[in-house]
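The file coords.pdb comes next; it holds PDB, C-alpha atoms.
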MODEL        1
ATOM      1  CA  MET A   7      42.503  28.859  89.622  1.00  0.00           C
ATOM      2  CA  PHE A   8      42.739  25.240  90.711  1.00  0.00           C
ATOM      3  CA  ARG A   9      45.627  23.097  89.523  1.00  0.00           C
ATOM      4  CA  LEU A  10      44.243  20.384  87.256  1.00  0.00           C
ATOM      5  CA  LEU A  11      46.977  17.831  87.611  1.00  0.00           C
ATOM      6  CA  ARG A  12      49.705  16.956  90.034  1.00  0.00           C
ATOM      7  CA  LYS A  13      52.967  16.979  88.151  1.00  0.00           C
ATOM      8  CA  SER A  14      55.269  14.136  89.072  1.00  0.00           C
ATOM      9  CA  ARG A  15      58.009  12.125  87.515  1.00  0.00           C
ATOM     10  CA  PRO A  16      57.358   8.411  87.115  1.00  0.00           C
ATOM     11  CA  GLU A  17      59.298   6.276  89.552  1.00  0.00           C
ATOM     12  CA  LYS A  18      62.039   4.352  87.838  1.00  0.00           C
ATOM     13  CA  GLN A  19      60.138   1.396  86.479  1.00  0.00           C
ATOM     14  CA  ALA A  20      61.157  -1.972  87.841  1.00  0.00           C
ATOM     15  CA  TRP A  21      58.765  -4.095  85.829  1.00  0.00           C
ATOM     16  CA  GLU A  22      59.832  -6.512  83.097  1.00  0.00           C
ATOM     17  CA  ARG A  23      58.949  -5.334  79.613  1.00  0.00           C
ATOM     18  CA  ASP A  24      58.386  -8.848  78.287  1.00  0.00           C
ATOM     19  CA  LYS A  25      55.800  -9.511  81.021  1.00  0.00           C
ATOM     20  CA  LEU A  26      53.651  -6.422  80.593  1.00  0.00           C
ATOM     21  CA  PRO A  27      49.901  -6.962  80.783  1.00  0.00           C
ATOM     22  CA  ARG A  28      48.478  -6.943  77.287  1.00  0.00           C
ATOM     23  CA  HIS A  29      45.232  -5.288  78.413  1.00  0.00           C
ATOM     24  CA  ILE A  30      44.776  -2.912  81.363  1.00  0.00           C
ATOM     25  CA  ALA A  31      41.325  -1.746  82.484  1.00  0.00           C
ATOM     26  CA  ILE A  32      40.753   1.142  84.899  1.00  0.00           C
ATOM     27  CA  ILE A  33      37.746   2.250  86.942  1.00  0.00           C
ATOM     28  CA  MET A  34      38.346   6.002  87.008  1.00  0.00           C
ATOM     29  CA  ASP A  35      37.000   6.752  90.489  1.00  0.00           C
ATOM     30  CA  GLY A  36      37.504   9.525  93.036  1.00  0.00           C
ATOM     31  CA  ASN A  37      36.956  12.714  91.041  1.00  0.00           C
ATOM     32  CA  GLY A  38      34.229  14.005  93.344  1.00  0.00           C
ATOM     33  CA  ARG A  39      36.171  13.301  96.536  1.00  0.00           C
ATOM     34  CA  TRP A  40      39.271  14.928  95.058  1.00  0.00           C
ATOM     35  CA  ALA A  41      37.278  18.097  94.440  1.00  0.00           C
ATOM     36  CA  LYS A  42      35.605  18.003  97.863  1.00  0.00           C
ATOM     37  CA  GLN A  43      38.966  17.743  99.625  1.00  0.00           C
ATOM     38  CA  ARG A  44      39.950  20.993  97.906  1.00  0.00           C
ATOM     39  CA  ALA A  45      36.602  22.767  98.446  1.00  0.00           C
ATOM     40  CA  LEU A  46      36.075  22.786  94.683  1.00  0.00           C
ATOM     41  CA  PRO A  47      32.934  21.989  92.670  1.00  0.00           C
ATOM     42  CA  ARG A  48      32.607  18.389  91.496  1.00  0.00           C
ATOM     43  CA  LYS A  49      33.061  19.491  87.889  1.00  0.00           C
ATOM     44  CA  ALA A  50      36.616  20.525  88.805  1.00  0.00           C
ATOM     45  CA  GLY A  51      37.289  16.953  89.870  1.00  0.00           C
ATOM     46  CA  HIS A  52      35.969  15.600  86.581  1.00  0.00           C
ATOM     47  CA  ALA A  53      38.128  18.065  84.640  1.00  0.00           C
ATOM     48  CA  ALA A  54      41.184  16.942  86.622  1.00  0.00           C
ATOM     49  CA  GLY A  55      40.254  13.302  86.036  1.00  0.00           C
ATOM     50  CA  ALA A  56      40.019  13.910  82.285  1.00  0.00           C
ATOM     51  CA  GLU A  57      43.574  15.286  82.278  1.00  0.00           C
ATOM     52  CA  THR A  58      44.765  12.212  84.187  1.00  0.00           C
ATOM     53  CA  PHE A  59      43.108   9.975  81.603  1.00  0.00           C
ATOM     54  CA  ARG A  60      44.931  11.736  78.779  1.00  0.00           C
ATOM     55  CA  ARG A  61      48.293  11.307  80.500  1.00  0.00           C
ATOM     56  CA  ILE A  62      47.800   7.688  81.531  1.00  0.00           C
ATOM     57  CA  ALA A  63      46.569   6.744  78.052  1.00  0.00           C
ATOM     58  CA  THR A  64      49.700   8.311  76.553  1.00  0.00           C
ATOM     59  CA  TYR A  65      51.925   6.511  79.048  1.00  0.00           C
ATOM     60  CA  CYS A  66      50.267   3.157  78.283  1.00  0.00           C
ATOM     61  CA  LYS A  67      50.901   3.752  74.592  1.00  0.00           C
ATOM     62  CA  ASP A  68      54.519   4.711  75.224  1.00  0.00           C
ATOM     63  CA  ILE A  69      55.376   1.617  77.274  1.00  0.00           C
ATOM     64  CA  GLY A  70      53.685  -0.811  74.895  1.00  0.00           C
ATOM     65  CA  ILE A  71      50.300  -1.676  76.414  1.00  0.00           C
ATOM     66  CA  GLU A  72      48.097  -2.983  73.589  1.00  0.00           C
ATOM     67  CA  TYR A  73      44.661  -2.302  75.072  1.00  0.00           C
ATOM     68  CA  LEU A  74      43.427   0.211  77.646  1.00  0.00           C
ATOM     69  CA  THR A  75      39.788   0.162  78.759  1.00  0.00           C
ATOM     70  CA  VAL A  76      38.390   2.895  81.011  1.00  0.00           C
ATOM     71  CA  TYR A  77      35.070   3.176  82.833  1.00  0.00           C
ATOM     72  CA  ALA A  78      33.954   6.695  81.945  1.00  0.00           C
ATOM     73  CA  PHE A  79      30.199   6.654  82.607  1.00  0.00           C
ATOM     74  CA  SER A  80      28.078   3.778  83.881  1.00  0.00           C
ATOM     75  CA  THR A  81      24.412   2.972  83.311  1.00  0.00           C
ATOM     76  CA  GLU A  82      23.894   3.962  86.961  1.00  0.00           C
ATOM     77  CA  ASN A  83      25.597   7.367  86.641  1.00  0.00           C
ATOM     78  CA  TRP A  84      22.442   8.882  85.141  1.00  0.00           C
ATOM     79  CA  LYS A  85      21.207   9.086  88.756  1.00  0.00           C
ATOM     80  CA  ARG A  86      23.690  11.896  89.403  1.00  0.00           C
ATOM     81  CA  PRO A  87      22.635  15.580  89.253  1.00  0.00           C
ATOM     82  CA  ALA A  88      21.915  16.792  85.728  1.00  0.00           C
ATOM     83  CA  GLU A  89      24.641  19.439  85.970  1.00  0.00           C
ATOM     84  CA  GLU A  90      27.276  16.812  86.807  1.00  0.00           C
ATOM     85  CA  VAL A  91      26.120  14.525  83.980  1.00  0.00           C
ATOM     86  CA  GLY A  92      26.302  17.493  81.608  1.00  0.00           C
ATOM     87  CA  THR A  93      29.858  18.246  82.732  1.00  0.00           C
ATOM     88  CA  ILE A  94      30.961  14.659  82.077  1.00  0.00           C
ATOM     89  CA  MET A  95      29.384  14.633  78.618  1.00  0.00           C
ATOM     90  CA  ALA A  96      30.926  18.015  77.754  1.00  0.00           C
ATOM     91  CA  LEU A  97      34.367  16.724  78.771  1.00  0.00           C
ATOM     92  CA  LEU A  98      33.861  13.617  76.634  1.00  0.00           C
ATOM     93  CA  GLU A  99      32.903  15.783  73.672  1.00  0.00           C
ATOM     94  CA  LYS A 100      35.974  17.972  74.202  1.00  0.00           C
ATOM     95  CA  TYR A 101      38.232  14.918  74.424  1.00  0.00           C
ATOM     96  CA  LEU A 102      36.818  13.405  71.222  1.00  0.00           C
ATOM     97  CA  HIS A 103      37.360  16.635  69.281  1.00  0.00           C
ATOM     98  CA  GLU A 104      40.988  16.646  70.437  1.00  0.00           C
ATOM     99  CA  ALA A 105      41.430  12.930  69.762  1.00  0.00           C
ATOM    100  CA  ILE A 106      40.152  13.207  66.193  1.00  0.00           C
ATOM    101  CA  GLU A 107      42.707  15.936  65.489  1.00  0.00           C
ATOM    102  CA  LYS A 108      45.564  13.794  66.841  1.00  0.00           C
ATOM    103  CA  MET A 109      44.540  10.258  65.858  1.00  0.00           C
ATOM    104  CA  GLU A 110      46.468  10.143  62.602  1.00  0.00           C
ATOM    105  CA  ARG A 111      49.615  11.402  64.327  1.00  0.00           C
ATOM    106  CA  ASP A 112      49.333   9.217  67.423  1.00  0.00           C
ATOM    107  CA  LYS A 113      47.944   6.079  65.695  1.00  0.00           C
ATOM    108  CA  VAL A 114      45.620   5.399  68.622  1.00  0.00           C
ATOM    109  CA  LYS A 115      42.497   3.373  67.908  1.00  0.00           C
ATOM    110  CA  MET A 116      39.305   4.065  69.852  1.00  0.00           C
ATOM    111  CA  LYS A 117      36.262   1.924  70.513  1.00  0.00           C
ATOM    112  CA  PHE A 118      33.209   2.538  72.682  1.00  0.00           C
ATOM    113  CA  PHE A 119      31.536  -0.036  74.912  1.00  0.00           C
ATOM    114  CA  GLY A 120      27.971   0.700  75.994  1.00  0.00           C
ATOM    115  CA  ASP A 121      24.616   1.847  74.662  1.00  0.00           C
ATOM    116  CA  VAL A 122      25.501   5.121  72.960  1.00  0.00           C
ATOM    117  CA  SER A 123      22.080   5.442  71.335  1.00  0.00           C
ATOM    118  CA  VAL A 124      20.853   7.584  74.263  1.00  0.00           C
ATOM    119  CA  LEU A 125      23.671  10.124  73.927  1.00  0.00           C
ATOM    120  CA  SER A 126      23.267  13.436  72.136  1.00  0.00           C
ATOM    121  CA  PRO A 127      23.375  13.407  68.309  1.00  0.00           C
ATOM    122  CA  LYS A 128      26.588  15.452  68.447  1.00  0.00           C
ATOM    123  CA  LEU A 129      28.307  12.909  70.701  1.00  0.00           C
ATOM    124  CA  ARG A 130      27.081   9.973  68.626  1.00  0.00           C
ATOM    125  CA  LYS A 131      28.484  11.611  65.487  1.00  0.00           C
ATOM    126  CA  LEU A 132      31.866  12.147  67.151  1.00  0.00           C
ATOM    127  CA  ILE A 133      31.925   8.540  68.390  1.00  0.00           C
ATOM    128  CA  GLU A 134      31.132   7.251  64.903  1.00  0.00           C
ATOM    129  CA  GLU A 135      33.850   9.433  63.405  1.00  0.00           C
ATOM    130  CA  THR A 136      36.509   8.220  65.847  1.00  0.00           C
ATOM    131  CA  GLU A 137      35.606   4.568  65.261  1.00  0.00           C
ATOM    132  CA  VAL A 138      35.724   4.994  61.473  1.00  0.00           C
ATOM    133  CA  LEU A 139      39.123   6.712  61.674  1.00  0.00           C
ATOM    134  CA  SER A 140      40.381   3.979  64.010  1.00  0.00           C
ATOM    135  CA  GLN A 141      39.994   1.358  61.300  1.00  0.00           C
ATOM    136  CA  LYS A 142      42.961   2.914  59.494  1.00  0.00           C
ATOM    137  CA  PHE A 143      45.441   2.436  62.325  1.00  0.00           C
ATOM    138  CA  GLU A 144      47.423  -0.302  63.990  1.00  0.00           C
ATOM    139  CA  GLY A 145      48.554   0.347  67.529  1.00  0.00           C
ATOM    140  CA  VAL A 146      47.204   0.791  71.023  1.00  0.00           C
ATOM    141  CA  GLN A 147      43.417   0.557  71.310  1.00  0.00           C
ATOM    142  CA  VAL A 148      41.595   2.666  73.902  1.00  0.00           C
ATOM    143  CA  ASN A 149      38.134   1.392  74.819  1.00  0.00           C
ATOM    144  CA  ILE A 150      35.878   3.949  76.501  1.00  0.00           C
ATOM    145  CA  CYS A 151      32.899   2.584  78.451  1.00  0.00           C
ATOM    146  CA  VAL A 152      30.023   5.078  78.225  1.00  0.00           C
ATOM    147  CA  ASN A 153      26.500   4.291  79.430  1.00  0.00           C
ATOM    148  CA  TYR A 154      27.982   0.885  80.181  1.00  0.00           C
ATOM    149  CA  GLY A 155      27.075  -1.756  82.742  1.00  0.00           C
ATOM    150  CA  GLY A 156      28.379  -5.311  82.920  1.00  0.00           C
ATOM    151  CA  ARG A 157      24.986  -6.876  83.596  1.00  0.00           C
ATOM    152  CA  ASP A 158      23.395  -4.818  80.835  1.00  0.00           C
ATOM    153  CA  GLU A 159      26.098  -5.964  78.420  1.00  0.00           C
ATOM    154  CA  ILE A 160      25.425  -9.634  79.219  1.00  0.00           C
ATOM    155  CA  LEU A 161      21.649  -9.208  78.798  1.00  0.00           C
ATOM    156  CA  ARG A 162      22.161  -7.461  75.460  1.00  0.00           C
ATOM    157  CA  ALA A 163      24.458 -10.266  74.310  1.00  0.00           C
ATOM    158  CA  VAL A 164      21.779 -12.834  75.185  1.00  0.00           C
ATOM    159  CA  GLU A 165      19.177 -10.825  73.277  1.00  0.00           C
ATOM    160  CA  ARG A 166      21.423 -10.571  70.212  1.00  0.00           C
ATOM    161  CA  TYR A 167      22.222 -14.273  70.267  1.00  0.00           C
ATOM    162  CA  THR A 168      18.575 -15.357  70.603  1.00  0.00           C
ATOM    163  CA  LYS A 169      17.561 -12.914  67.859  1.00  0.00           C
ATOM    164  CA  ASP A 170      20.097 -14.492  65.517  1.00  0.00           C
ATOM    165  CA  LEU A 171      18.726 -17.934  66.418  1.00  0.00           C
ATOM    166  CA  SER A 172      15.166 -16.921  65.536  1.00  0.00           C
ATOM    167  CA  ASP A 173      15.993 -14.982  62.360  1.00  0.00           C
ATOM    168  CA  SER A 174      15.322 -17.387  59.482  1.00  0.00           C
ATOM    169  CA  ALA A 175      17.224 -15.147  57.054  1.00  0.00           C
ATOM    170  CA  LEU A 176      20.489 -15.626  58.943  1.00  0.00           C
ATOM    171  CA  PRO A 177      22.717 -18.683  59.183  1.00  0.00           C
ATOM    172  CA  LYS A 178      22.257 -20.244  62.588  1.00  0.00           C
ATOM    173  CA  PRO A 179      24.938 -19.313  65.129  1.00  0.00           C
ATOM    174  CA  LYS A 180      27.364 -21.989  66.230  1.00  0.00           C
ATOM    175  CA  ARG A 181      26.682 -24.034  69.352  1.00  0.00           C
ATOM    176  CA  LEU A 182      26.849 -21.669  72.291  1.00  0.00           C
ATOM    177  CA  THR A 183      30.274 -21.689  73.905  1.00  0.00           C
ATOM    178  CA  GLU A 184      32.167 -19.054  75.879  1.00  0.00           C
ATOM    179  CA  GLU A 185      34.012 -18.075  72.710  1.00  0.00           C
ATOM    180  CA  VAL A 186      30.804 -17.748  70.664  1.00  0.00           C
ATOM    181  CA  PHE A 187      29.034 -15.789  73.409  1.00  0.00           C
ATOM    182  CA  SER A 188      31.997 -13.420  73.711  1.00  0.00           C
ATOM    183  CA  GLU A 189      31.443 -12.418  70.082  1.00  0.00           C
ATOM    184  CA  TYR A 190      28.106 -10.891  71.096  1.00  0.00           C
ATOM    185  CA  MET A 191      29.640  -8.631  73.748  1.00  0.00           C
ATOM    186  CA  TYR A 192      30.690  -5.006  73.211  1.00  0.00           C
ATOM    187  CA  SER A 193      34.249  -6.296  73.680  1.00  0.00           C
ATOM    188  CA  ALA A 194      34.099  -8.785  70.801  1.00  0.00           C
ATOM    189  CA  HIS A 195      37.599  -9.496  69.428  1.00  0.00           C
ATOM    190  CA  VAL A 196      39.251  -7.673  72.353  1.00  0.00           C
ATOM    191  CA  PRO A 197      41.240  -9.890  74.767  1.00  0.00           C
ATOM    192  CA  ASP A 198      40.023 -10.007  78.357  1.00  0.00           C
ATOM    193  CA  PRO A 199      41.786  -7.555  80.696  1.00  0.00           C
ATOM    194  CA  ASP A 200      44.853  -8.959  82.421  1.00  0.00           C
ATOM    195  CA  LEU A 201      44.811  -6.233  85.066  1.00  0.00           C
ATOM    196  CA  ILE A 202      41.928  -4.157  86.461  1.00  0.00           C
ATOM    197  CA  ILE A 203      42.862  -1.094  88.507  1.00  0.00           C
ATOM    198  CA  ARG A 204      40.490   0.643  90.933  1.00  0.00           C
ATOM    199  CA  PRO A 205      41.709   3.937  92.440  1.00  0.00           C
ATOM    200  CA  SER A 206      39.988   5.801  95.306  1.00  0.00           C
ATOM    201  CA  GLY A 207      40.111   3.157  98.044  1.00  0.00           C
ATOM    202  CA  GLU A 208      36.905   1.366  97.040  1.00  0.00           C
ATOM    203  CA  MET A 209      37.339  -2.406  96.786  1.00  0.00           C
ATOM    204  CA  ARG A 210      34.717  -3.518  94.294  1.00  0.00           C
ATOM    205  CA  ILE A 211      34.377  -3.627  90.507  1.00  0.00           C
ATOM    206  CA  SER A 212      31.010  -1.820  90.327  1.00  0.00           C
ATOM    207  CA  ASN A 213      29.405  -3.666  87.410  1.00  0.00           C
ATOM    208  CA  PHE A 214      32.510  -3.266  85.232  1.00  0.00           C
ATOM    209  CA  LEU A 215      33.449  -5.949  82.661  1.00  0.00           C
ATOM    210  CA  LEU A 216      31.736  -8.716  84.639  1.00  0.00           C
ATOM    211  CA  TRP A 217      32.073 -11.330  81.894  1.00  0.00           C
ATOM    212  CA  GLN A 218      35.571 -10.336  80.840  1.00  0.00           C
ATOM    213  CA  SER A 219      37.100 -10.079  84.331  1.00  0.00           C
ATOM    214  CA  ALA A 220      36.730 -13.749  85.311  1.00  0.00           C
ATOM    215  CA  TYR A 221      40.509 -14.195  85.605  1.00  0.00           C
ATOM    216  CA  SER A 222      41.714 -10.595  85.710  1.00  0.00           C
ATOM    217  CA  GLU A 223      44.166  -9.586  88.410  1.00  0.00           C
ATOM    218  CA  LEU A 224      42.770  -6.779  90.598  1.00  0.00           C
ATOM    219  CA  TYR A 225      44.758  -3.844  91.973  1.00  0.00           C
ATOM    220  CA  PHE A 226      43.222  -1.428  94.476  1.00  0.00           C
ATOM    221  CA  THR A 227      44.809   1.831  95.600  1.00  0.00           C
ATOM    222  CA  ASP A 228      43.747   4.661  97.914  1.00  0.00           C
ATOM    223  CA  VAL A 229      44.999   7.233  95.396  1.00  0.00           C
ATOM    224  CA  LEU A 230      42.106   9.249  93.953  1.00  0.00           C
ATOM    225  CA  TRP A 231      41.890   9.170  90.177  1.00  0.00           C
ATOM    226  CA  PRO A 232      42.967  12.807  89.556  1.00  0.00           C
ATOM    227  CA  ASP A 233      46.159  12.061  91.550  1.00  0.00           C
ATOM    228  CA  PHE A 234      46.810   8.744  89.799  1.00  0.00           C
ATOM    229  CA  ASP A 235      50.081   9.014  87.880  1.00  0.00           C
ATOM    230  CA  GLU A 236      52.686   6.993  86.011  1.00  0.00           C
ATOM    231  CA  ALA A 237      54.370   5.985  89.266  1.00  0.00           C
ATOM    232  CA  GLU A 238      51.128   4.461  90.560  1.00  0.00           C
ATOM    233  CA  LEU A 239      50.607   2.642  87.275  1.00  0.00           C
ATOM    234  CA  ASN A 240      54.162   1.301  87.548  1.00  0.00           C
ATOM    235  CA  ARG A 241      53.314  -0.025  91.026  1.00  0.00           C
ATOM    236  CA  ALA A 242      50.196  -1.717  89.660  1.00  0.00           C
ATOM    237  CA  ILE A 243      52.196  -3.356  86.872  1.00  0.00           C
ATOM    238  CA  MET A 244      54.871  -4.545  89.308  1.00  0.00           C
ATOM    239  CA  SER A 245      52.153  -6.025  91.528  1.00  0.00           C
ATOM    240  CA  PHE A 246      50.690  -7.787  88.496  1.00  0.00           C
ATOM    241  CA  GLN A 247      54.038  -9.242  87.489  1.00  0.00           C
ATOM    242  CA  ALA A 248      54.631 -10.600  90.997  1.00  0.00           C
ATOM    243  CA  ARG A 249      51.493 -12.734  90.889  1.00  0.00           C
ATOM    244  CA  ASP A 250      51.173 -16.375  89.862  1.00  0.00           C
ATOM    245  CA  ARG A 251      48.334 -16.564  87.348  1.00  0.00           C
ATOM    246  CA  ARG A 252      47.005 -20.122  87.466  1.00  0.00           C
ATOM    247  CA  TYR A 253      43.585 -19.804  85.765  1.00  0.00           C
ATOM    248  CA  GLY A 254      42.186 -22.492  88.065  1.00  0.00           C
ATOM    249  CA  GLY A 255      45.183 -24.805  87.652  1.00  0.00           C
ATOM    250  CA  VAL A 256      48.014 -25.713  89.972  1.00  0.00           C
ATOM    251  CA  GLY A 257      50.831 -23.239  90.599  1.00  0.00           C
ATOM    252  CA  LYS A 258      54.395 -23.895  89.603  1.00  0.00           C
TER     253      LYS A 258
ENDMDL
END

As a first step, turn the structure in this file into structure tokens.
Amino acid sequence: MFRLLRKSRPEKQAWERDKLPRHIAIIMDGNGRWAKQRALPRKAGHAAGAETFRRIATYCKDIGIEYLTVYAFSTENWKRPAEEVGTIMALLEKYLHEAIEKMERDKVKMKFFGDVSVLSPKLRKLIEETEVLSQKFEGVQVNICVNYGGRDEILRAVERYTKDLSDSALPKPKRLTEEVFSEYMYSAHVPDPDLIIRPSGEMRISNFLLWQSAYSELYFTDVLWPDFDEAELNRAIMSFQARDRRYGGVGK
């Protein structure tokens, strides 16, 4: 039986609590390579990655992160073998069943970014149920990107905006500004990510939060997602806090 998760104690955190990123986004990458290194089927890597997600989400909640967004399944991931896609969807279904049972206790809100209309009726029902329950709670919000692509999100926002412009039954939208356009995104009313983390050694953002990441700080690590732990997240936060965020202005 393979071991799902490496057990490790978080390194003693050296970050400053009053300078924590408000919103962390993570591209959960490396599940397949993790499994291959251990001569395991790819589904074992996805199962291990799901356990890592649970632990990191809990840790973010515990240290006071307000928003966590994870890239679970992209619009391009449908190109993968049907068996692998089925495994990912089954893990998502399992996670949502567990989350619904614990939401009231944990006070964790959940939102989904992406076109969920193509998912199975069972998954769509679970997603709707979690989002309805989330309206009752105040606390950390976990955004799960499923069938999501940054370019697709922007195109859909344009379509929604132009539809509102042409619909005579609706009040005309305000003059188009960045703020107005942001309201048409999946991430409406969610602050842009302060920190985007990409495990696995790849150094690209892979169509993830293209609009929202304009001024996000990026952190890349060779650690594969199933091996990503609290200590690695602490390192990412410390790296973030050491940076001078100028937003196009002049540094201090």

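For the structure shown here, the set of residues caught by the PyMOL selection byres ((chain A and resi 198) around 10) is Arg28, His29, Ile30, Ala31, Tyr73, Ser188, Ser193, Ala194, His195, Val196, Pro197, Pro199, Asp200, Leu201, Leu215, Trp217, Gln218, Ser219, Ala220, Tyr221 and Ser222 of chain A.
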
Would you write out, as a PyMOL selection string, every residue that the PyMOL selection byres ((chain A and resi 130-146) around 7) captures in this file?
chain A and resi 67+71-73+102+106+113-117+122+125-129+147-148

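Nearest to Tyr65 (chain A) of all the residues A:Ala248, A:Ala237, A:Leu97, A:Ala78 is A:Ala237, counting all atoms listed in the file.
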
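Those residues returned by the PyMOL selection byres ((chain A and resi 39) around 10) for this file are A:Asp35, A:Gly36, A:Asn37, A:Gly38, A:Trp40, A:Ala41, A:Lys42, A:Gln43, A:Arg44, A:Ala45, A:Leu46, A:Arg48, A:Gly51, A:Ser206, A:Leu230, A:Trp231, A:Pro232.
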
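Each of A:Cys66, A:Asp158, A:Pro27, A:Phe59 was checked against Arg249 (chain A) using only C-alpha atoms; the smallest atom-to-atom distance is that of A:Pro27.
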
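Distances to Val186 (chain A) were evaluated for A:Phe79, A:Pro205, A:Arg166, A:Ala54 using only C-alpha atoms, and the minimum falls at A:Arg166.
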
CA of Lys100 (chain A) and CA of Ser80 (chain A), how far apart in Å?
18.9 Å

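Distances from A:Glu89, A:Glu104, A:Glu184, A:Asp112 to Pro47 (chain A) were compared using all atoms listed in the file, and the smallest one belongs to A:Glu89.
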
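Distances to Asp250 (chain A) were evaluated for A:His103, A:Gly156, A:Glu223, A:Asp228 using all atoms listed in the file, and the minimum falls at A:Glu223.
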
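Atom to atom, CA of Thr168 (chain A) and CA of Glu185 (chain A) stand 15.8 Å apart.
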
So for region 51-65 of chain A, what box centre and size do we get, axis-aligned, 5 Å extra on each of the six sides, every listed atom, Å to one decimal, as AutoDock Vina command-line options?
--center_x 43.9 --center_y 12.3 --center_z 83.2 --size_x 26.0 --size_y 21.6 --size_z 23.3

Looking at A:Ile211, A:Leu98, A:Ala88, A:Met191, which one is nearest to Ile160 (chain A), with distances taken over only C-alpha atoms?
A:Met191

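From CA of Glu208 (chain A) back to CA of Arg241 (chain A), the distance works out to 17.5 Å.
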